[in-house]
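Everything on this sheet refers to the single structure shown next.
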Amino acid sequence: MGTRADADDEAFWGDADDDVALHRYRTLVDAIDDGIYQLDAEGRFVAVNDVVVETTGYTRDDLLGEHVSLVLADADVRRMERELEGRIEANDDAVATVDLDVRTADGETRPCELRVTPLLTDGEFRGTIGVARDCTEVYRQREALSSAVASAESITSIIDEADVGVVVLDEACTVEWADETIERYFDLDRGALIGRDNRAVVDDALKHRFSDADSFATTVLSSYNADRYVDRFECRVVGDGDGYEDRWLRYQSKPIGSGEFAGGRVEFYYDISDQKESEADLRESEDAFRSLADAVEEYAIFRLDTAGNVVSWNKGAREIKGYGREEILGDHFSTFYTENDRAAAVPERNLERALEEGSAEDEGWRVRKDGTRFWASVTITPIRDDDGSHQGYLKVTRDMTDRWEREQELEIELERILGRISDAFYAVDDEFRFTHVNDRAAELLQRSEAELLGKQLWEVFPDLHEIDAVWDAFHTALETQEPTSYELYYDTLDFRVEANLYPSETGISVYFQDVTERRERERELERTERRFEAIFEDPNILVGLLEPDGTVIDINGTAMEYVDADLEALIGDHFCETPWWDESVRAVVREWTDRAAAGEYVNFEVDLTRPNGAGYTLDGVFRPVTNDEGDVVSIVVSARDITERKKRERELEESEQRYRTLAEHFPNGVVTLFDHDLEYTLAAGQGFDKIPVDPAEAEGEHFDDVWPTETNRTLKPALQAALEGEERSVELEYAGREWVVYTVPITDSRGDVFAGVTMAHDITERKQYQRQLEETIERLEESNKRLEQFAYAASHDLQEPLRMISSYLQLIESRYAEDLDADGEEFIDYAVDGAERMRDMIEGLLAYSRVETQGNPLEPVALESVLESVVADLHLRIEETDADVEIADLPRVEGDASQLRQVFQNLLSNAIEYTDGEPPRISVDAERRGSEWTISVHDEGIGIEPDDQDRVFEVFQRLHSRENYSGTGIGLALCQRIIERHGGEIWVDSEPGVGSTFSLTLPAVATDSR
């Protein structure tokens, strides 16, 4: 059957019109195993069989008329189109094979292999017909292998079992590790590979071993440069007939994202030689399938009309049944049945069942033209048109005589085998009813064959229904037709059962054994072997294996490193004569060996000398190994080098003596050492004279037994913290005294905590002094508060007489001005001025006293806004003096805006005031210093003498006469007190005749990033 639209199919389809032919074709493809579909020229589904429907999850109605992109990714659609375009241009109607993912109705993807053939009419593309094979199981097996290889804990064993070559590269493409399989695949020394640049290895040693060397090298090296994955690159190694064999490999390379070799790569070489052979077999099967679809010689495929008469005949039908096309057309298909089947109306019942169920499958004897019989497998499928009208049947028959005969032979052989089976065996049918039980099975199942035959497994052993492993094993075997097994302890029969299940179409054969004793022996043997292997391979343990007479069987590598000898030279010698032992102890070693041979465990500790002269100490045991009868069959000697431990013990003793000496002379306190059990190993110090505890009695006692409950409750967490490496301090009262106790961990040279120390200081007097100091401070604060109240009251009371004096002087001046001479007017002016200055001084003192108590809370303040307000207040003075004030960018600080305004008003006023007659030049700037800002006010005024620079911040300290410069002498003292309230300081740098710089510090705002 050709794939071209104009191929001659008259021999098969007859003279059917296009619609009828299409229905016949759909019926045919539904009778074949793989997914088969047809697309029109636009890529829309025209026909799909049941396998396609099952694979995609869509209904047939969902698919028909839809574009193939419903189930394929756009990139895969374009890839298929390019493949077909190339074949059409070449007028090639051969099958194209494409691997891609099919998208199912539920959003998942399933890997499939598509074999696509274009349909051409006079060179015009009319669509495609294709076969889809689900590759999910194949991919799942591959992914399972990849997942297993990725497991760091079992990678070595899995790689060995999977026969996978592995190379690990670091970030620079240097070979860090390669397994033994690499050596075998390429005849390379993997030790020589370690440390080499793998790019050089590929060029120098690997690529020439492949049939396509350039393709291999390009693929591998380009993955390094692009840092990309390489998956499913297949290449063939050409063997040299000596060092390595011909084989097909699949190369896979992946970047390593984390761990020790993050940034590097891991490369896998999978041996796919068997797979390639299987693929060749698969291609042969597919060729056979195409031959079936095109020529159909192995299947009898023909159509029947609605009455069952033959209306078409293919070559396969002629070969199987012996009739020519002209001989059989028009005859009823019951011609092919036996007389008994025709008498039982089997042909008619098969047609009825096909109509009712959609298809009918049957196996049985059929008759050829020459009268001979053959065993046939038959599928009958009804043919319907678009409106569902019945148009006839499609009948597919295959000669299965050879298989039937083999099955009969197998059944006979099976009966013979079952009769010879000595292990426990039973068989169940597809409903799990017992059909055969041998004697051993009846014995283990504790029921006779008569009690079991015909009974359902779950009926005889109801609790098996609740054991998932058993239930799943039976049902999985029956459903998948794949062998299963289980092993478990079955309480009802009181033994551990190992069962292997082998399914067939008619039921399951079960072979099982009581493996209770075997498993226990195996587990004990495994435990013993693991223990011995762990000990023998431990790099910290010296191990020797001896015969009962002391002859050396084996000595581990750790011990051989100590004695610097050749193991082969020692095997067969008596253990006491080996370099392991010094001459001085060989006699006692022989004694230890004899005692172990008599069944005694012999512990020992001995000082020895290594060949290089270094001394060391071993602590070990001679351990006899006995058989089931109790006879000693070997001796295991194991020992540890405890030299460092001994050294530490000596150092600890010396350290403890030093601690004891220091502790005993520890003044005004108590020192203790304690171990991890909270037992005191040392207790000393002059502080014991003040408490009812004897240090000699405390040593060796547990912490809980030394101190009263309340003290214990307070101190114990601190001691436990010290043993965990944490330092703590605790204050408590004990024996009428106050103490501060410091707990500190004591570590060895490796940093491990091995003990703790407490140091308790008697702080009774210090605490008393501290309380007295706190009381004094409290009294001072109270005194300051009263002084402030007094200052406020005094200023208020003093201002009233001053206002009266000033008012009356002004009244005298206004009423008696004409009666006063010049001296009188001058005297009155002095008096008024003195009163005004006195009022200013009183107000300044009041402000000075209220800095701490009347200020606002400190909060973020923008200094630029504060300075703008101050400059605005001094506007008239600035204009009168023609002053030049420059203000740089200023920060935000934590402060009291009102008080800071007073500070800068004082500083700017002074800078304007104290000039030598020239227009004042003033600048303000800021500098960040850690968590503070330094604000500076610079002027070019008269300056301050060095001796006076501290005095200017004292109350009422004036450096100039009032005739030259006004002021109360309080302003800078007030500034200093305000800055001190803000936690800062203020100072002046000045040079007489040059100018002054007043600087102050203020806390920066925590979130200020300037």
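Residues in the structure tokens are named by chain (A, B, ... in the order shown) and by number from 1 within that chain; ligands are numbered from 1 in the order shown.
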Against region 604-620 of chain A, which residues of region 453-545 of chain A fall within 10 Å? For each one I want the closest pair of atoms and the distance in Å (one decimal), counting only C-alpha atoms, rows by chain and increasing residue number, as a Markdown table.
| residue | atom | partner | partner_atom | distance |
| --- | --- | --- | --- | --- |
| A:Ile541 | CA | A:Gly620 | CA | 9.2 |
| A:Leu542 | CA | A:Gly620 | CA | 8.8 |
| A:Val543 | CA | A:Gly620 | CA | 9.5 |
Generate a file of the selected residues that holds all heavy atoms, formatted as an mmCIF file, in the first residue's frame.
data_model
loop_
_atom_site.group_PDB
_atom_site.id
_atom_site.type_symbol
_atom_site.label_atom_id
_atom_site.label_comp_id
_atom_site.auth_asym_id
_atom_site.auth_seq_id
_atom_site.Cartn_x
_atom_site.Cartn_y
_atom_site.Cartn_z
ATOM 1 N N ILE A 541 42.530 3.767 64.382
ATOM 2 C CA ILE A 541 42.631 2.519 65.125
ATOM 3 C C ILE A 541 43.637 1.598 64.437
ATOM 4 O O ILE A 541 43.585 1.406 63.228
ATOM 5 C CB ILE A 541 41.266 1.814 65.238
ATOM 6 C CG1 ILE A 541 40.243 2.718 65.933
ATOM 7 C CG2 ILE A 541 41.387 0.501 65.990
ATOM 8 C CD1 ILE A 541 38.868 2.110 66.061
ATOM 9 N N LEU A 542 44.536 1.002 65.217
ATOM 10 C CA LEU A 542 45.469 -0.001 64.734
ATOM 11 C C LEU A 542 44.818 -1.362 64.935
ATOM 12 O O LEU A 542 44.375 -1.688 66.050
ATOM 13 C CB LEU A 542 46.799 0.071 65.489
ATOM 14 C CG LEU A 542 47.694 1.299 65.238
ATOM 15 C CD1 LEU A 542 47.119 2.563 65.856
ATOM 16 C CD2 LEU A 542 49.105 1.035 65.763
ATOM 17 N N VAL A 543 44.697 -2.162 63.863
ATOM 18 C CA VAL A 543 43.967 -3.430 63.927
ATOM 19 C C VAL A 543 44.835 -4.549 63.361
ATOM 20 O O VAL A 543 45.479 -4.385 62.314
ATOM 21 C CB VAL A 543 42.643 -3.353 63.140
ATOM 22 C CG1 VAL A 543 41.872 -4.671 63.288
ATOM 23 C CG2 VAL A 543 41.799 -2.198 63.623
#
I'd like the contact shell of region 579-591 of chain A - 8 Å cut-off, only C-alpha atoms, skipping same-chain residues fewer than 5 positions apart - returned as a PDB file with N, CA, C and O atoms, in the first residue's frame.
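Just written: part26.pdb:
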ATOM      1  N   GLY A 550      48.327 -17.036  67.186  1.00  0.00           N
ATOM      2  CA  GLY A 550      49.036 -15.769  67.129  1.00  0.00           C
ATOM      3  C   GLY A 550      49.638 -15.450  65.781  1.00  0.00           C
ATOM      4  O   GLY A 550      50.241 -14.381  65.599  1.00  0.00           O
ATOM      5  N   ALA A 559      48.082   0.616  61.183  1.00  0.00           N
ATOM      6  CA  ALA A 559      49.142  -0.003  61.961  1.00  0.00           C
ATOM      7  C   ALA A 559      50.429  -0.098  61.152  1.00  0.00           C
ATOM      8  O   ALA A 559      51.532   0.124  61.676  1.00  0.00           O
ATOM      9  N   TYR A 562      52.464   2.932  61.214  1.00  0.00           N
ATOM     10  CA  TYR A 562      53.181   3.130  62.473  1.00  0.00           C
ATOM     11  C   TYR A 562      54.503   2.358  62.490  1.00  0.00           C
ATOM     12  O   TYR A 562      55.516   2.853  62.965  1.00  0.00           O
ATOM     13  N   VAL A 563      54.470   1.108  61.977  1.00  0.00           N
ATOM     14  CA  VAL A 563      55.673   0.261  62.085  1.00  0.00           C
ATOM     15  C   VAL A 563      56.552   0.363  60.852  1.00  0.00           C
ATOM     16  O   VAL A 563      57.672  -0.148  60.843  1.00  0.00           O
ATOM     17  N   ALA A 565      56.516  -1.036  57.817  1.00  0.00           N
ATOM     18  CA  ALA A 565      56.961  -2.354  57.362  1.00  0.00           C
ATOM     19  C   ALA A 565      56.075  -2.822  56.222  1.00  0.00           C
ATOM     20  O   ALA A 565      55.025  -2.220  55.930  1.00  0.00           O
ATOM     21  N   LEU A 608      55.320   2.469  73.472  1.00  0.00           N
ATOM     22  CA  LEU A 608      56.127   1.898  72.394  1.00  0.00           C
ATOM     23  C   LEU A 608      56.922   2.994  71.695  1.00  0.00           C
ATOM     24  O   LEU A 608      56.715   4.191  71.952  1.00  0.00           O
ATOM     25  N   THR A 609      57.795   2.567  70.785  1.00  0.00           N
ATOM     26  CA  THR A 609      58.628   3.513  70.035  1.00  0.00           C
ATOM     27  C   THR A 609      58.512   3.223  68.544  1.00  0.00           C
ATOM     28  O   THR A 609      58.627   2.066  68.114  1.00  0.00           O
TER      29      THR A 609
END
> Smallest atom-to-atom distance to Gly35 (chain A): which of A:Val98, A:Ile182, A:Cys112, A:Val633, using only C-alpha atoms?
Replying inline: A:Cys112
> How far is it from CA of Thr516 (chain A) to CA of Val428 (chain A), in Å with one decimal?
Replying inline: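 Between CA of Thr516 (chain A) and CA of Val428 (chain A) the gap is 24.6 Å.
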> Residues of region 220-449 of chain A in strand (DSSP E) according to DSSP, as a ChimeraX atom specification?
Replying inline: /A:230-237,247-255,265-271,299-304,360-367,373-384,390-399,424-429,434-437
> Can you list, as a list of chain:residue names, every protein, DNA or RNA residue that comes within 12 Å of Asp762 (chain A) when you count only C-alpha atoms, leaving out same-chain residues fewer than 5 positions away?
Replying inline: A:Phe666, A:Pro667, A:Asn668, A:Gly669, A:Val670, A:Val671, A:Gly685, A:Gln686, A:Gly687, A:Phe688, A:Asp689, A:Lys690, A:Ile691, A:Glu731, A:Leu732, A:Glu733, A:Tyr734, A:Ala735, A:Gly736, A:Arg737, A:Glu738, A:Trp739, A:Val740, A:Val741, A:Tyr742, A:Lys767, A:Gln768
Exercise: Asp179 (chain A) partners within 7 Å, only C-alpha atoms, chain neighbours under 3 positions left out, as a PDB file with N, CA, C and O atoms, in the first residue's frame:
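Writing done, so here's result.pdb:
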ATOM      1  N   GLY A 165      30.409   5.561  33.065  1.00  0.00           N
ATOM      2  CA  GLY A 165      31.671   6.272  33.226  1.00  0.00           C
ATOM      3  C   GLY A 165      31.407   7.688  33.688  1.00  0.00           C
ATOM      4  O   GLY A 165      30.546   8.376  33.140  1.00  0.00           O
ATOM      5  N   VAL A 166      32.125   8.143  34.722  1.00  0.00           N
ATOM      6  CA  VAL A 166      31.875   9.469  35.297  1.00  0.00           C
ATOM      7  C   VAL A 166      33.193  10.222  35.415  1.00  0.00           C
ATOM      8  O   VAL A 166      34.200   9.666  35.873  1.00  0.00           O
ATOM      9  N   VAL A 167      33.153  11.505  35.014  1.00  0.00           N
ATOM     10  CA  VAL A 167      34.299  12.413  35.178  1.00  0.00           C
ATOM     11  C   VAL A 167      33.779  13.675  35.835  1.00  0.00           C
ATOM     12  O   VAL A 167      32.770  14.240  35.400  1.00  0.00           O
ATOM     13  N   ILE A 182      35.669   4.578  33.403  1.00  0.00           N
ATOM     14  CA  ILE A 182      36.391   5.390  32.414  1.00  0.00           C
ATOM     15  C   ILE A 182      37.653   4.649  31.957  1.00  0.00           C
ATOM     16  O   ILE A 182      37.990   4.624  30.767  1.00  0.00           O
TER      17      ILE A 182
END
>> Just want the 12 Å neighbourhood of region 215-224 of chain A, counted on only C-alpha atoms, with same-chain residues fewer than 6 positions away dropped. Output as number ranges by chain.
In response: A: 169-174, 197-209, 230-237, 249-255, 263-269
> Can you list, as a VMD selection string, every residue of region 406-537 of chain A that DSSP puts in alpha helix (DSSP H)?
Replying inline: chain A and resid 406 to 420 439 to 445 449 to 452 457 to 460 468 to 480 516 to 537
> How far is it from CA of Gly725 (chain A) to CA of Gly700 (chain A), in Å with one decimal?
Replying inline: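 Result for CA of Gly725 (chain A) versus CA of Gly700 (chain A): 22.4 Å, one decimal.
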